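Colleague: Input: one structure, supplied below.
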Amino acid sequence: MIPGWHFVAKRERDRNVDPAEGILFENLPPLGAVIRESTQNSLDASDNRSKVRMRISVNTGNKAMSADMAKKYFNGLFPHLNESGFSTPNLNSPMNYVVVEDFGTKGLEGDASYHGLGGDAPDNRFYWFHRNTNRTNSNATKRGGSYGYGKHAFANASEINSFFSVSRDRNGVKIFGNAVGKMHEIGDQIYFPYGDFGNVVVDDNGEVLRIMPSDSEELFKTISKDFNLSRTNELGLSVIIPYPKRVYRDEEIIESMIRAYFMPICQGKLEIIVDGSHEIVINSETIYKICDKMTWAGKPAGAMATTNRKCMNGLIELANWWSSGNANEFSLDSPSNKNIVWNRDLIPEDSYDTIRSRLDSGKPVALNIEIPIFKYLENKKLPREPPLSKITILMKKDESYGRSDAIWIRRYLSVPKPVHMPVKNGFVAIMISEDGPLEELLRSSEEVAHTEHRVKRIESDYKYGGDVIRFFRQSAARLIEYLQVKKELFEPDWIDDWFPSEEIENTSKPKKRKRKKKQKNPTEDEVNDEDDTIIGPPPPP
């Protein structure tokens, strides 16, 4: 039996609150938000750090679901959405839908009946995915995200603000769904905006206690067949987005996925299967060839910046080189604890010429630098010795790139807002923050969609937090600037003060002899000291 959709009725004393999640993704197109959120969730759920495989399937045309088959999955939903102000799609036409699946992950494991505050269930992935909004858990530092809003990306990509989830974990299957409407009224009853697809549990008085996912293997087989899921007995999560707001082309999905997650793909941690007009597999062995076939003419969804084919090829070459483990990194000097800013002196003199020569010859360069992170203790004091956290900067120079391009990566998630892009043309760069204090600071400073850093978010928890963020963002631009100009070891013309040339000696006037003023009644010693004094050259350095 296929479950229905249920909305919880409002009691008289409950407050009226409409969801505000939609405004948090205004800067991202629906596809970009889905790609960023789904891939982040999948990498977070990696089972024993194994490779994660993802499949994105776009089902339109002859792959769309028939109208009669689709209707059975929306029992009880549309009256609530209509009263929430959403228009009902044409239910007599085939339904387009998008499926995002992952494999090699844990699935939505955990007790689905749990409804507490989460402090005693940090590893309950079902609870944190389906039953929370704007709340994170104690394991946030082990994950890419942190706000609990990311799942709205799936609903936001649908015309009916709804999605289904089909999960298989070690304890079986969970089939569930979420819908996001508004406070609404049907008859004399007011309902909350959030609806769930599942089996309703009521008390003796008929009042709804909770909505539970279906654990039916028979339903799993039915829904897998109807929605053409790839999942069989493999653990992981499949998310179904019905009636997508826009149907994207294969090329748009491929460019967006490569731009956002080329680093874990090159590292062998992620493989993407795009199943649209035909199937394309993106992994560490195929990514360069696939990237080179794309046009890169527009702005990839979720990238927040444009690029070109040569720059993307260069970034992938750089990532492949570093991921091979053969990169010889140069260590830079750490900045002062109280002055976390870039300056030329952070590049050691004994390695400056080697780094510059390697960069100018078109070879890739890997640099690393450790910076102090000042996080306030519980008593709002600072630790005596702040922990150091590492930044890795990868750079490559090639005039054929034209413009320069750069990516900033925290763990595996890129923060794409292109502020502090290198000014000089012909460079590509990747900035990578190491897991630990720096990664935690950067994650805490990001807004919900993880597209930019906001210093005000961390001011109460970190001292010099803004300086650290600027240091991270400016890394490539500053280093490229320093490595293009040879540092002068001495002040210009210093030698003229000590050894004037003949030309200067012949043309310059002799220095005037300076006399001391006589006092009216000088002593004997002062009289003897009245010899003229000649001002000579400055003391030697």
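Residue numbers start at 1 in each chain; chains themselves are named A, B, ... in the order of the structure tokens; ligands are numbered from 1 in the order shown.
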Give me the residues near A:Thr451 as a list of chain:residue names, where near means some atom within 6 Å (using only C-alpha atoms) and where sequence neighbours in that chain fewer than 3 positions away do not count.
Modeller: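 Once the nearby chain positions are removed, what remains is A:Val415, A:Pro416, A:Lys417.
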Colleague: Please, could you write that set of residues out with all heavy atoms as a PDB file, in the first residue's frame?
Modeller:
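As a result, out.pdb now contains:
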```
ATOM      1  N   VAL A 415      33.718  27.235  -1.917  1.00  0.00           N
ATOM      2  CA  VAL A 415      32.984  28.452  -1.574  1.00  0.00           C
ATOM      3  C   VAL A 415      33.224  29.416  -2.731  1.00  0.00           C
ATOM      4  O   VAL A 415      34.276  30.048  -2.812  1.00  0.00           O
ATOM      5  CB  VAL A 415      33.475  29.049  -0.238  1.00  0.00           C
ATOM      6  CG1 VAL A 415      32.646  30.269   0.144  1.00  0.00           C
ATOM      7  CG2 VAL A 415      33.381  27.997   0.865  1.00  0.00           C
ATOM      8  N   PRO A 416      32.260  29.510  -3.658  1.00  0.00           N
ATOM      9  CA  PRO A 416      32.580  30.005  -5.000  1.00  0.00           C
ATOM     10  C   PRO A 416      32.614  31.503  -5.207  1.00  0.00           C
ATOM     11  O   PRO A 416      33.035  31.946  -6.258  1.00  0.00           O
ATOM     12  CB  PRO A 416      31.443  29.403  -5.841  1.00  0.00           C
ATOM     13  CG  PRO A 416      30.302  29.324  -4.892  1.00  0.00           C
ATOM     14  CD  PRO A 416      30.884  29.024  -3.545  1.00  0.00           C
ATOM     15  N   LYS A 417      32.156  32.332  -4.280  1.00  0.00           N
ATOM     16  CA  LYS A 417      32.088  33.759  -4.565  1.00  0.00           C
ATOM     17  C   LYS A 417      33.471  34.265  -4.966  1.00  0.00           C
ATOM     18  O   LYS A 417      34.427  34.190  -4.193  1.00  0.00           O
ATOM     19  CB  LYS A 417      31.570  34.524  -3.356  1.00  0.00           C
ATOM     20  CG  LYS A 417      31.173  35.959  -3.703  1.00  0.00           C
ATOM     21  CD  LYS A 417      30.437  36.626  -2.562  1.00  0.00           C
ATOM     22  CE  LYS A 417      29.998  38.023  -2.969  1.00  0.00           C
ATOM     23  NZ  LYS A 417      29.277  38.716  -1.878  1.00  0.00           N
TER      24      LYS A 417
END
```
Colleague: Write out as a VMD selection string all residues of stretch 57-233 of chain A that backbone DSSP assigns to helix (DSSP H, G or I).
Modeller: chain A and resid 61 to 63 67 to 71 78 to 83 125 to 130 140 to 142 152 to 156 217 to 226
Colleague: Would you mind exporting C-alpha atoms of the selected residues as an mmCIF file, in the first residue's frame?
Modeller:
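What landed in selection-v4.cif:
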```
data_model
loop_
_atom_site.group_PDB
_atom_site.id
_atom_site.type_symbol
_atom_site.label_atom_id
_atom_site.label_comp_id
_atom_site.auth_asym_id
_atom_site.auth_seq_id
_atom_site.Cartn_x
_atom_site.Cartn_y
_atom_site.Cartn_z
ATOM 1 C CA GLY A 61 9.851 12.864 -22.706
ATOM 2 C CA ASN A 62 9.478 9.117 -23.085
ATOM 3 C CA LYS A 63 11.152 8.657 -19.656
ATOM 4 C CA ALA A 67 -0.227 10.719 -15.312
ATOM 5 C CA ASP A 68 -2.151 7.725 -13.920
ATOM 6 C CA MET A 69 0.940 6.297 -12.237
ATOM 7 C CA ALA A 70 1.934 9.671 -10.774
ATOM 8 C CA LYS A 71 -1.448 10.357 -9.169
ATOM 9 C CA PHE A 78 -2.608 19.041 -3.463
ATOM 10 C CA PRO A 79 -5.496 20.428 -1.335
ATOM 11 C CA HIS A 80 -2.919 21.589 1.240
ATOM 12 C CA LEU A 81 -0.576 23.052 -1.374
ATOM 13 C CA ASN A 82 -3.429 24.847 -3.136
ATOM 14 C CA GLU A 83 -4.480 26.480 0.127
ATOM 15 C CA ARG A 125 20.702 10.656 10.023
ATOM 16 C CA PHE A 126 16.970 10.212 9.359
ATOM 17 C CA TYR A 127 16.107 12.555 12.215
ATOM 18 C CA TRP A 128 18.551 15.252 11.144
ATOM 19 C CA PHE A 129 17.585 15.046 7.471
ATOM 20 C CA HIS A 130 13.785 14.921 7.746
ATOM 21 C CA ALA A 140 28.636 19.282 12.734
ATOM 22 C CA THR A 141 32.417 19.591 12.634
ATOM 23 C CA LYS A 142 32.583 16.175 10.952
ATOM 24 C CA HIS A 152 15.129 22.579 1.304
ATOM 25 C CA ALA A 153 17.172 22.606 -1.912
ATOM 26 C CA PHE A 154 15.272 19.463 -2.977
ATOM 27 C CA ALA A 155 11.832 20.940 -2.275
ATOM 28 C CA ASN A 156 12.851 24.277 -3.771
ATOM 29 C CA GLU A 217 10.209 -4.038 0.947
ATOM 30 C CA GLU A 218 7.228 -4.486 -1.368
ATOM 31 C CA LEU A 219 6.746 -0.706 -1.593
ATOM 32 C CA PHE A 220 10.498 -0.343 -2.127
ATOM 33 C CA LYS A 221 10.285 -2.595 -5.187
ATOM 34 C CA THR A 222 7.232 -0.720 -6.487
ATOM 35 C CA ILE A 223 8.642 2.787 -6.085
ATOM 36 C CA SER A 224 12.031 1.707 -7.454
ATOM 37 C CA LYS A 225 10.361 0.349 -10.588
ATOM 38 C CA ASP A 226 7.996 3.309 -11.036
#
```
Colleague: What does the structure give for the distance between atom CA of A:Ala406 and atom CA of A:Ser475, in Å to one decimal?
Modeller: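 Atom-to-atom, atom CA of A:Ala406 to atom CA of A:Ser475, that is 10.3 Å.
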Colleague: Per residue of stretch 215-332 of chain A within 8 Å of stretch 361-370 of chain A, note the shortest atom pair and the distance in Å to one decimal, counting only C-alpha atoms, and order the rows by chain and increasing residue number, as CSV.
Modeller:
```
residue,atom,partner,partner_atom,distance
A:Leu318,CA,A:Pro364,CA,6.6
A:Trp321,CA,A:Pro364,CA,7.9
A:Trp322,CA,A:Ala366,CA,7.8
A:Ala327,CA,A:Ala366,CA,6.8
A:Asn328,CA,A:Ala366,CA,6.8
A:Glu329,CA,A:Ala366,CA,4.8
A:Phe330,CA,A:Leu367,CA,4.7
A:Ser331,CA,A:Asn368,CA,5.0
A:Leu332,CA,A:Ile369,CA,5.1
```
Colleague: Out of A:Gly426, A:Pro418, A:Pro387, A:Gly206, which residue has the shortest atom-to-atom distance to A:Arg403 when counting only C-alpha atoms?
Modeller: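 Of all the options, A:Gly426 lies closest to A:Arg403.
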